[in-house]
Every structure is written in structure tokens, then in C-alpha cells.
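Source file model_8.cif; content: mmCIF, C-alpha atoms.
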data_model
loop_
_atom_site.label_atom_id
_atom_site.label_comp_id
_atom_site.auth_asym_id
_atom_site.auth_seq_id
_atom_site.Cartn_x
_atom_site.Cartn_y
_atom_site.Cartn_z
CA MET A 229 -46.47 143.10 349.62
CA ILE A 230 -44.32 143.38 346.57
CA ASP A 231 -45.96 140.26 345.19
CA THR A 232 -49.35 141.92 345.11
CA MET A 233 -47.87 144.58 342.84
CA GLN A 234 -46.57 142.06 340.34
CA SER A 235 -48.06 142.16 336.86
CA ALA A 236 -50.41 144.93 337.88
CA LYS A 237 -51.91 146.52 334.80
CA VAL A 238 -53.42 149.92 335.31
CA ALA A 239 -54.35 152.35 332.57
CA ASN A 240 -56.90 155.07 333.09
CA ALA A 241 -57.16 158.70 332.08
CA GLU A 242 -54.57 159.75 334.66
CA ARG A 243 -52.21 156.83 335.02
CA PHE A 244 -50.45 154.06 333.17
CA GLU A 245 -48.72 151.47 335.37
CA ARG A 246 -46.83 148.29 334.69
CA PHE A 247 -44.94 146.88 337.63
CA GLY A 248 -42.57 143.94 337.63
CA ILE A 249 -42.73 143.23 333.91
CA SER A 250 -39.86 141.19 332.51
CA ALA A 251 -37.03 143.19 331.01
CA THR A 252 -37.07 141.59 327.56
CA ALA A 253 -37.34 142.92 324.01
CA GLN A 254 -40.73 141.22 323.67
CA THR A 255 -42.16 142.87 326.77
CA ALA A 256 -40.60 146.22 325.89
CA SER A 257 -42.33 146.10 322.51
CA GLN A 258 -45.69 145.07 323.96
CA THR A 259 -45.53 147.67 326.71
CA ARG A 260 -44.68 150.37 324.18
CA ASP A 261 -47.79 149.45 322.18
CA GLU A 262 -49.97 149.50 325.31
CA PHE A 263 -48.51 152.85 326.32
CA ALA A 264 -49.15 154.23 322.81
CA ALA A 265 -52.79 153.15 323.07
CA TRP A 266 -53.12 154.85 326.47
CA LEU A 267 -51.60 158.01 325.06
CA ARG A 268 -53.91 158.00 322.04
CA GLU A 269 -57.04 157.46 324.12
CA SER A 270 -56.23 159.83 326.97
CA PHE A 271 -54.62 162.87 325.40
CA GLU A 272 -54.78 165.39 322.65
CA LEU A 273 -51.39 165.16 320.98
CA ASP A 274 -50.41 166.00 317.44
CA PRO A 275 -48.72 163.24 315.40
CA ILE A 276 -45.21 164.60 315.99
CA ARG A 277 -45.60 164.86 319.74
CA SER A 278 -47.31 161.52 319.98
CA SER A 279 -44.58 159.88 317.95
CA ASP A 280 -41.88 161.56 320.07
CA VAL A 281 -43.36 160.35 323.36
CA VAL A 282 -43.77 156.77 322.19
CA LEU A 283 -40.24 156.57 320.78
CA ALA A 284 -38.73 158.06 323.96
CA ILE A 285 -40.53 155.49 326.11
CA ASN A 286 -39.43 152.75 323.75
CA GLU A 287 -35.80 153.78 324.19
CA ALA A 288 -36.10 153.78 327.98
CA LEU A 289 -37.65 150.30 327.92
CA ALA A 290 -35.15 149.04 325.35
CA ASN A 291 -32.25 150.23 327.48
CA CYS A 292 -33.61 148.21 330.41
CA ALA A 293 -34.13 145.16 328.26
CA GLU A 294 -30.74 145.40 326.65
CA PHE A 295 -28.41 146.64 329.36
CA ALA A 296 -29.85 146.57 332.85
CA TYR A 297 -29.27 142.93 333.66
CA LEU A 298 -26.27 142.07 331.55
CA GLU A 299 -24.34 140.80 334.53
CA ARG A 300 -27.09 138.48 335.66
CA PRO A 301 -28.04 135.18 334.09
CA ASP A 302 -31.77 135.55 334.77
CA THR A 303 -34.09 138.11 333.28
CA GLY A 304 -34.77 141.04 335.59
CA THR A 305 -37.85 143.17 335.79
CA MET A 306 -38.73 146.77 335.02
CA ASP A 307 -41.45 149.15 336.12
CA VAL A 308 -43.27 151.80 334.13
CA LEU A 309 -45.28 154.54 335.76
CA ALA A 310 -46.76 157.40 333.77
CA TRP A 311 -49.16 160.06 334.93
CA HIS A 312 -50.80 163.25 333.79
CA ASP A 313 -50.83 166.29 336.04
CA ALA A 314 -54.01 168.17 335.17
CA VAL A 315 -52.90 171.36 336.94
CA GLU A 316 -49.49 171.54 335.31
CA SER A 317 -50.66 169.92 332.03
CA THR A 318 -47.64 167.65 332.05
CA ILE A 319 -47.01 163.99 331.41
CA THR A 320 -44.29 162.35 333.46
CA VAL A 321 -42.98 158.87 332.72
CA LEU A 322 -40.73 156.84 335.01
CA VAL A 323 -39.04 153.69 333.73
CA SER A 324 -36.99 151.91 336.34
CA ASP A 325 -35.05 148.71 336.82
CA ARG A 326 -32.98 147.12 339.55
CA GLY A 327 -30.00 146.33 337.38
CA SER A 328 -26.79 148.10 336.54
CA TRP A 329 -26.46 150.12 333.40
CA ARG A 330 -23.42 149.96 331.26
CA PRO A 331 -21.99 153.43 330.79
CA PRO A 332 -22.97 154.90 327.41
CA VAL A 333 -20.92 153.41 324.60
CA GLU A 334 -18.07 155.48 323.23
CA PRO A 335 -18.95 157.97 320.49
CA SER A 336 -16.68 156.05 318.13
CA VAL A 337 -19.17 153.19 318.15
CA ARG A 338 -21.45 154.84 315.66
CA THR A 339 -24.00 152.12 315.32
CA ARG A 340 -25.04 152.03 318.97
CA GLY A 341 -25.78 154.27 321.90
CA ARG A 342 -28.46 156.52 320.42
CA GLY A 343 -31.09 155.68 323.03
CA ILE A 344 -30.09 158.37 325.52
CA PRO A 345 -29.59 161.18 322.95
CA LEU A 346 -32.99 160.25 321.50
CA MET A 347 -34.72 160.39 324.89
CA GLU A 348 -33.16 163.79 325.51
CA ALA A 349 -34.09 165.15 322.09
CA LEU A 350 -37.64 163.79 322.12
CA SER A 351 -38.71 164.88 325.60
CA ASP A 352 -39.04 168.32 327.16
CA ARG A 353 -36.99 167.11 330.11
CA ALA A 354 -35.05 163.89 330.61
CA SER A 355 -33.02 162.64 333.53
CA ILE A 356 -31.33 159.37 334.37
CA GLU A 357 -30.61 158.45 337.96
CA THR A 358 -28.36 155.52 338.65
CA SER A 359 -27.71 154.02 342.05
CA ASP A 360 -26.66 150.69 343.54
CA HIS A 361 -30.31 149.73 343.50
CA GLY A 362 -30.89 150.31 339.82
CA THR A 363 -31.61 152.97 337.27
CA ARG A 364 -34.54 155.31 336.85
CA VAL A 365 -35.27 157.26 333.70
CA LYS A 366 -37.62 160.20 334.09
CA LEU A 367 -39.15 161.80 331.01
CA GLU A 368 -41.45 164.81 331.01
CA TRP A 369 -43.59 166.63 328.49
CA ALA A 370 -45.32 169.96 329.05
CA ASN A 371 -48.56 171.38 327.65
CA VAL A 372 -50.36 168.06 327.31
CA ALA A 373 -54.14 168.37 327.33
CA PRO A 374 -56.39 165.44 328.14
CA ALA A 375 -58.58 164.19 325.28
CA ALA A 376 -61.74 164.91 327.27
CA LEU A 377 -61.04 168.64 327.25
CA ARG A 378 -60.74 168.65 323.52
CA SER A 379 -64.13 167.04 322.90
CA ARG A 380 -65.77 169.34 325.46
CA SER A 381 -64.32 172.48 323.93
CA ALA A 382 -65.35 171.35 320.47
CA HIS A 383 -69.03 171.61 321.37
CA MET B 33 -41.65 142.83 307.02
CA VAL B 34 -38.77 143.31 304.64
CA SER B 35 -38.78 142.83 300.86
CA GLU B 36 -36.18 143.17 298.16
CA SER B 37 -36.44 144.40 294.58
CA SER B 38 -34.51 146.48 292.07
CA VAL B 39 -35.19 149.33 289.65
CA ASP B 40 -32.71 150.00 286.85
CA GLU B 41 -29.79 148.38 288.69
CA VAL B 42 -30.63 150.13 291.92
CA ALA B 43 -31.22 147.53 294.63
CA ILE B 44 -34.09 148.33 296.98
CA VAL B 45 -34.75 146.88 300.41
CA ALA B 46 -38.16 147.99 301.63
CA ALA B 47 -39.29 147.59 305.23
CA SER B 48 -42.72 148.12 306.72
CA GLY B 49 -44.38 148.26 310.11
CA VAL B 50 -42.27 148.35 313.25
CA ILE B 51 -38.47 148.40 313.38
CA ASP B 52 -37.46 148.01 317.02
CA MET B 53 -35.02 145.81 318.90
CA LEU B 54 -37.21 142.79 318.14
CA THR B 55 -37.43 143.28 314.38
CA ALA B 56 -34.21 145.18 313.56
CA PRO B 57 -32.29 141.90 313.04
CA GLN B 58 -34.58 141.11 310.06
CA LEU B 59 -33.67 144.40 308.42
CA GLU B 60 -30.01 143.84 309.26
CA GLU B 61 -30.10 140.42 307.60
CA ALA B 62 -31.85 141.74 304.48
CA LEU B 63 -29.36 144.60 304.13
CA ARG B 64 -26.41 142.28 304.59
CA ALA B 65 -27.79 139.93 301.92
CA ALA B 66 -28.34 142.85 299.55
CA LEU B 67 -24.84 144.27 300.17
CA ASP B 68 -23.27 140.85 299.63
CA LYS B 69 -24.30 141.16 295.97
CA LYS B 70 -22.23 144.35 295.79
CA PRO B 71 -24.78 146.49 293.96
CA GLY B 72 -23.68 149.93 292.76
CA SER B 73 -26.56 151.49 294.67
CA LEU B 74 -28.85 150.36 297.47
CA VAL B 75 -31.96 152.17 298.66
CA VAL B 76 -33.38 151.36 302.09
CA ASP B 77 -37.02 152.30 301.68
CA LEU B 78 -38.70 153.06 305.02
CA THR B 79 -41.79 154.68 303.47
CA GLU B 80 -44.10 152.07 305.00
CA VAL B 81 -42.39 152.03 308.40
CA GLU B 82 -44.64 153.18 311.23
CA PHE B 83 -42.12 153.06 314.04
CA LEU B 84 -38.33 153.31 313.97
CA ALA B 85 -36.34 152.80 317.17
CA SER B 86 -32.63 153.36 317.79
CA ALA B 87 -32.03 149.64 317.18
CA GLY B 88 -33.13 150.20 313.57
CA MET B 89 -31.08 153.37 313.25
CA GLY B 90 -28.00 151.44 314.31
CA VAL B 91 -28.67 148.94 311.53
CA LEU B 92 -28.82 151.75 308.97
CA VAL B 93 -25.52 153.25 310.12
CA ALA B 94 -23.84 149.82 310.15
CA ALA B 95 -25.10 149.08 306.64
CA HIS B 96 -23.87 152.44 305.44
CA GLU B 97 -20.41 151.70 306.83
CA GLU B 98 -20.44 148.21 305.35
CA ALA B 99 -21.43 149.66 301.96
CA GLY B 100 -18.22 151.69 301.98
CA ASP B 101 -17.02 152.74 298.55
CA THR B 102 -18.55 149.71 296.85
CA THR B 103 -22.23 150.60 297.19
CA ARG B 104 -23.90 153.97 297.37
CA LEU B 105 -26.48 153.56 300.11
CA CYS B 106 -29.32 155.90 300.90
CA VAL B 107 -32.50 155.89 302.96
CA VAL B 108 -36.04 156.90 302.02
CA ALA B 109 -38.15 158.11 304.95
CA GLU B 110 -40.62 160.89 305.61
CA GLY B 111 -42.68 161.64 308.68
CA PRO B 112 -42.66 162.07 312.46
CA ALA B 113 -41.89 158.40 313.15
CA THR B 114 -38.98 158.01 310.73
CA SER B 115 -37.28 161.00 309.14
CA ARG B 116 -37.77 163.15 312.24
CA PRO B 117 -35.80 160.95 314.69
CA LEU B 118 -33.19 160.22 311.98
CA LYS B 119 -32.58 163.97 311.73
CA LEU B 120 -32.77 164.54 315.50
CA VAL B 121 -29.86 162.22 316.27
CA GLY B 122 -27.84 163.22 313.23
CA ILE B 123 -28.13 160.05 311.18
CA ALA B 124 -29.38 162.08 308.24
CA ASP B 125 -25.95 163.76 308.31
CA ILE B 126 -24.23 160.39 307.94
CA VAL B 127 -26.57 158.52 305.60
CA PRO B 128 -28.19 160.36 302.66
CA LEU B 129 -31.92 160.72 303.34
CA PHE B 130 -34.68 161.28 300.78
CA ALA B 131 -38.40 161.90 301.21
CA THR B 132 -39.48 159.64 298.34
CA LEU B 133 -38.17 156.61 296.46
CA ASP B 134 -38.31 158.56 293.18
CA GLU B 135 -36.07 161.26 294.60
CA ALA B 136 -33.62 158.66 295.89
CA ILE B 137 -33.42 156.85 292.56
CA ALA B 138 -33.10 160.10 290.63
CA SER B 139 -30.22 161.11 292.88
CA LEU B 140 -28.43 157.78 292.46
CA ARG B 141 -28.73 157.99 288.68
CA GLY B 142 -27.45 161.56 288.60
#

Output the file's structure in the form of C-alpha cells.
Amino acid sequence: MIDTMQSAKVANAERFERFGISATAQTASQTRDEFAAWLRESFELDPIRSSDVVLAINEALANCAEFAYLERPDTGTMDVLAWHDAVESTITVLVSDRGSWRPPVEPSVRTRGRGIPLMEALSDRASIETSDHGTRVKLEWANVAPAALRSRSAH
Amino acid sequence: MVSESSVDEVAIVAASGVIDMLTAPQLEEALRAALDKKPGSLVVDLTEVEFLASAGMGVLVAAHEEAGDTTRLCVVAEGPATSRPLKLVGIADIVPLFATLDEAIASLRG
């Protein structure tokens, strides 16, 4: 059953899904670009907001690619699920892996460890849940209108 | 894409496009090569950068530390994808940040 979910690519006005993608820098970069395209096509966001959302998702993906599977020789996978709630006008993004995160690097290491502060600063709400089964980053943005509403109201 | 040039003894490393965990090593290499020449001043010009991830920000902070007292290093960036996140996570407080290359060069000369 899990196999049928592998490499599923869904992107429509309400949802963006990537399940079982490999947790690598290459895939993180590609998925970020695909997510950015979905965002651009589906929603009315100003350049600052749009930029914030894409960078926050990038950091969540990059953390998976960089840290989640450090203790394993093979490359693990990650899942991305994003959806728009039309009633609440929110976008929620979940990025999850089945690895183990390293704790955030010490503040004295100034060149690293900005992914989590960035996600928190760029989103309206950010949470990170870690368990024995993996890590799930949840990012939310409020007051996001779908692109369709904009074109309708313009006429 | 990273290129190197100089204006009036100010070394300039200019990057364009995407700086993420895939491409940050290129910028890191270019900055290391530029710093190896021990210029008095080095400008990292991110004017043409469309996307800057934390991997790239780490490279900037590392280069600034490596520059030490030998090289005055500053960054040129302006916009939601570059100067905004640099300010949000406090890198603009560590590394001098200018909106334009002209402003950066003027400051280094002054």
C-alpha cells in the first residue's frame, strides 16, 4: 500500500503532494522549485510573502536532506504535503522524514543552524515534532487567497 | 554562477541565480579563492541572486570570519529573497550589508 504512494506527484489548486522523495540536496532543490510554481499558480501572494514561503519550505527540505539520515548509510525519503484551507484562508505545509534529527547546533557555531530560526521568522506559525519515527515540520500562513478569487474580483 | 572582478582595488565576487545547499559550495570556493589573495576589501555582490537559503548565509558568515582583520568584507543585497532573510536572522548585524554595489564601494573607500 505504501508502494502505491511512492513518487506520487500531485499539485492542484488545493494540494501539493510529494511522497517518498529521496532526501537529497538535488531533490530538495527540485521540490522547492515545483512548490514555488504551485504557489505562484494557485495563490495571490505578494513578492515578500511568496519569497518567505518558498524559503521556509526550502529550509525544512534542506534540514531533512542534511540531517535526517546522518546515521544511516543509505539515503532516506521525505514527504511534503501542502494544502489550502479555503474557509480559514490558510496554507499549511508538512515536511516529514523517518530519520533522526541532530539537535540544533550550538549558538557558538555561527555559520550553521539558521534553518529553524528562518522557518520560525518566515512563517506565521512553525512547529517541529520529533519522535522515534521521525520528524515533522509544520508551517502555516494565514490570509492566503487563491489566485482564482483575485481574477474574479478584478472583473 | 559566480564571477570575480575588481574596482579600484576592491575585489568583487558576484553571484547570480540560486544559492542553496547545492550551489553554496561554489560561492564558498570563490570567496575562499578571493580571500587567499588577501585583498584590502572584498564585496560579495548578491544583486543578481534570486534565492538565498541558509546554506548560502552560512557561507557569508564563514567568509566574514575568515576575512578577519585582513580584509574588509561586505555584502550587497536588496529585496525579499536576499536582504530580507539576511536581516531576519541577524546576519546583517554581523556582516555589513548594502543595497547597491556603488554604496558598498563608496563605504569601503571612505

Find the residues near Leu140 (chain B): any atom within 9 Å, counting all atoms listed in the file, skip ones fewer than 4 places away on the same chain, and give them as a PDB file with C-alpha atoms, keeping the file's coordinate frame.
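Output below, filename selection-v5.pdb:
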ATOM      1  CA  VAL B  42     -30.630 150.130 291.920  1.00  0.00           C
ATOM      2  CA  SER B  73     -26.560 151.490 294.670  1.00  0.00           C
ATOM      3  CA  LEU B  74     -28.850 150.360 297.470  1.00  0.00           C
ATOM      4  CA  ARG B 104     -23.900 153.970 297.370  1.00  0.00           C
ATOM      5  CA  LEU B 105     -26.480 153.560 300.110  1.00  0.00           C
ATOM      6  CA  CYS B 106     -29.320 155.900 300.900  1.00  0.00           C
ATOM      7  CA  GLU B 135     -36.070 161.260 294.600  1.00  0.00           C
ATOM      8  CA  ALA B 136     -33.620 158.660 295.890  1.00  0.00           C
TER       9      ALA B 136
END

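Closest to Arg64 (chain B) among B:Thr114, B:Ser86, B:Ser48, B:Thr103 is B:Thr103, based on all atoms listed in the file.
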
Check which residues of chain B sit at most 12 Å from chain A using only C-alpha atoms, and return one row each with the closest pair of atoms and their distance in Å to one decimal, ordered by chain and rising number, as CSV.
residue,atom,partner,partner_atom,distance
B:Val50,CA,A:Ser257,CA,9.5
B:Ile51,CA,A:Ser257,CA,10.2
B:Asp52,CA,A:Ser257,CA,7.6
B:Met53,CA,A:Ala253,CA,6.3
B:Leu54,CA,A:Ala253,CA,5.9
B:Thr55,CA,A:Ala253,CA,9.6
B:Ala56,CA,A:Ala253,CA,11.1
B:Glu60,CA,A:Thr339,CA,11.9
B:Glu82,CA,A:Ser279,CA,9.5
B:Phe83,CA,A:Leu283,CA,7.8
B:Leu84,CA,A:Leu283,CA,7.8
B:Ala85,CA,A:Leu283,CA,6.5
B:Ser86,CA,A:Arg342,CA,5.9
B:Ala87,CA,A:Arg340,CA,7.6
B:Gly88,CA,A:Thr339,CA,9.5
B:Met89,CA,A:Thr339,CA,7.5
B:Gly90,CA,A:Thr339,CA,4.2
B:Val91,CA,A:Thr339,CA,6.8
B:Leu92,CA,A:Thr339,CA,8.0
B:Val93,CA,A:Thr339,CA,5.5
B:Ala94,CA,A:Thr339,CA,5.7
B:Ala95,CA,A:Thr339,CA,9.3
B:His96,CA,A:Thr339,CA,9.9
B:Glu97,CA,A:Thr339,CA,9.2
B:Glu98,CA,A:Thr339,CA,11.3
B:Glu110,CA,A:Ile276,CA,11.9
B:Gly111,CA,A:Ile276,CA,8.3
B:Pro112,CA,A:Ile276,CA,5.0
B:Ala113,CA,A:Ser279,CA,5.7
B:Thr114,CA,A:Ser279,CA,9.3
B:Ser115,CA,A:Ile276,CA,11.1
B:Arg116,CA,A:Ile276,CA,8.5
B:Pro117,CA,A:Leu346,CA,7.4
B:Leu118,CA,A:Leu346,CA,9.5
B:Lys119,CA,A:Leu346,CA,10.5
B:Leu120,CA,A:Ala349,CA,6.7
B:Val121,CA,A:Leu346,CA,6.4
B:Gly122,CA,A:Arg342,CA,9.8
B:Ile123,CA,A:Arg338,CA,9.6
B:Ile126,CA,A:Arg338,CA,9.9
B:Val127,CA,A:Arg338,CA,11.9

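Those residues returned by the PyMOL selection byres ((chain A and resi 328) around 9) for this file are Phe295, Ala296, Tyr297, Leu298, Glu299, Asp325, Arg326, Gly327, Trp329, Arg330, Thr358, Ser359, Asp360, His361, Gly362 and Thr363 of chain A.
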
Using the chain letters and numbering of this document, enumerate as a JSON list (two decimals) with C-alpha atoms, in the coordinates of the input the residues selected by the PyMOL selection byres ((chain B and resi 39) around 12).
[["chain", "number", "residue", "atom", "x", "y", "z"],
["B", 36, "GLU", "CA", -36.18, 143.17, 298.16],
["B", 37, "SER", "CA", -36.44, 144.40, 294.58],
["B", 38, "SER", "CA", -34.51, 146.48, 292.07],
["B", 40, "ASP", "CA", -32.71, 150.00, 286.85],
["B", 41, "GLU", "CA", -29.79, 148.38, 288.69],
["B", 42, "VAL", "CA", -30.63, 150.13, 291.92],
["B", 43, "ALA", "CA", -31.22, 147.53, 294.63],
["B", 44, "ILE", "CA", -34.09, 148.33, 296.98],
["B", 45, "VAL", "CA", -34.75, 146.88, 300.41],
["B", 71, "PRO", "CA", -24.78, 146.49, 293.96],
["B", 72, "GLY", "CA", -23.68, 149.93, 292.76],
["B", 73, "SER", "CA", -26.56, 151.49, 294.67],
["B", 74, "LEU", "CA", -28.85, 150.36, 297.47],
["B", 75, "VAL", "CA", -31.96, 152.17, 298.66],
["B", 133, "LEU", "CA", -38.17, 156.61, 296.46],
["B", 134, "ASP", "CA", -38.31, 158.56, 293.18],
["B", 136, "ALA", "CA", -33.62, 158.66, 295.89],
["B", 137, "ILE", "CA", -33.42, 156.85, 292.56],
["B", 138, "ALA", "CA", -33.10, 160.10, 290.63],
["B", 140, "LEU", "CA", -28.43, 157.78, 292.46],
["B", 141, "ARG", "CA", -28.73, 157.99, 288.68]]

Near-region 266-270 of chain A list (7 Å; all atoms listed in the file; drop same-chain fewer than 4 positions) as a list in words
Ala239, Ala241, Glu262, Pro374 and Ala375 of chain A

Would you list the residues near (-37.3, 152.6, 333.8), meaning any protein, DNA or RNA residue with an atom at most 6 Å from that point in file coordinates, counting all atoms listed in the file, as a JSON list (two decimals) with C-alpha atoms, in the coordinates of the input?
[["chain", "number", "residue", "atom", "x", "y", "z"],
["A", 307, "ASP", "CA", -41.45, 149.15, 336.12],
["A", 322, "LEU", "CA", -40.73, 156.84, 335.01],
["A", 323, "VAL", "CA", -39.04, 153.69, 333.73],
["A", 324, "SER", "CA", -36.99, 151.91, 336.34],
["A", 325, "ASP", "CA", -35.05, 148.71, 336.82],
["A", 364, "ARG", "CA", -34.54, 155.31, 336.85],
["A", 365, "VAL", "CA", -35.27, 157.26, 333.70]]

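Here CA of Cys292 (chain A) and CA of His312 (chain A) stand 23.1 Å from one another.
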
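Here CA of Gly49 (chain B) is placed at a distance of 15.2 Å from CA of Ala62 (chain B).
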
Counting only C-alpha atoms, which residues sit no farther than 6 Å from the position (-45.6, 154.3, 330.4) in the file's frame? I'd like them as a PDB file with C-alpha atoms, in the frame of the given file.
ATOM      1  CA  PHE A 244     -50.450 154.060 333.170  1.00  0.00           C
ATOM      2  CA  PHE A 263     -48.510 152.850 326.320  1.00  0.00           C
ATOM      3  CA  VAL A 308     -43.270 151.800 334.130  1.00  0.00           C
ATOM      4  CA  LEU A 309     -45.280 154.540 335.760  1.00  0.00           C
ATOM      5  CA  ALA A 310     -46.760 157.400 333.770  1.00  0.00           C
ATOM      6  CA  VAL A 321     -42.980 158.870 332.720  1.00  0.00           C
TER       7      VAL A 321
END

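From CA of Thr320 (chain A) back to CA of Arg353 (chain A), the distance works out to 9.3 Å.
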
Can you give me, as a compact mmCIF listing (two decimals) with C-alpha atoms, keeping the file's coordinate frame, the residues this file yields under the PyMOL selection byres ((chain A and resi 314) around 10)?
# COMPACT_ATOMS: atom_id res chain seq x y z
CA GLU A 242 -54.57 159.75 334.66
CA TRP A 311 -49.16 160.06 334.93
CA HIS A 312 -50.80 163.25 333.79
CA ASP A 313 -50.83 166.29 336.04
CA VAL A 315 -52.90 171.36 336.94
CA GLU A 316 -49.49 171.54 335.31
CA SER A 317 -50.66 169.92 332.03
CA THR A 318 -47.64 167.65 332.05
CA ILE A 319 -47.01 163.99 331.41
CA ASN A 371 -48.56 171.38 327.65
CA VAL A 372 -50.36 168.06 327.31
CA ALA A 373 -54.14 168.37 327.33
CA PRO A 374 -56.39 165.44 328.14

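Using all atoms listed in the file, the nearest neighbour of Thr305 (chain A) within the list A:Gln258, A:Leu367, A:Asn240, A:Leu289 is A:Leu289.
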
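Of the residues listed (B:Ala47, B:Leu59, B:Ala99, B:Val107), B:Val107 shows the shortest atom-to-atom separation from Ser139 (chain B); distances use only C-alpha atoms.
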
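Distance check against Thr259 (chain A) using all atoms listed in the file: of A:Arg300, A:Glu357, A:Met306, A:Leu273, the minimum falls on A:Met306.
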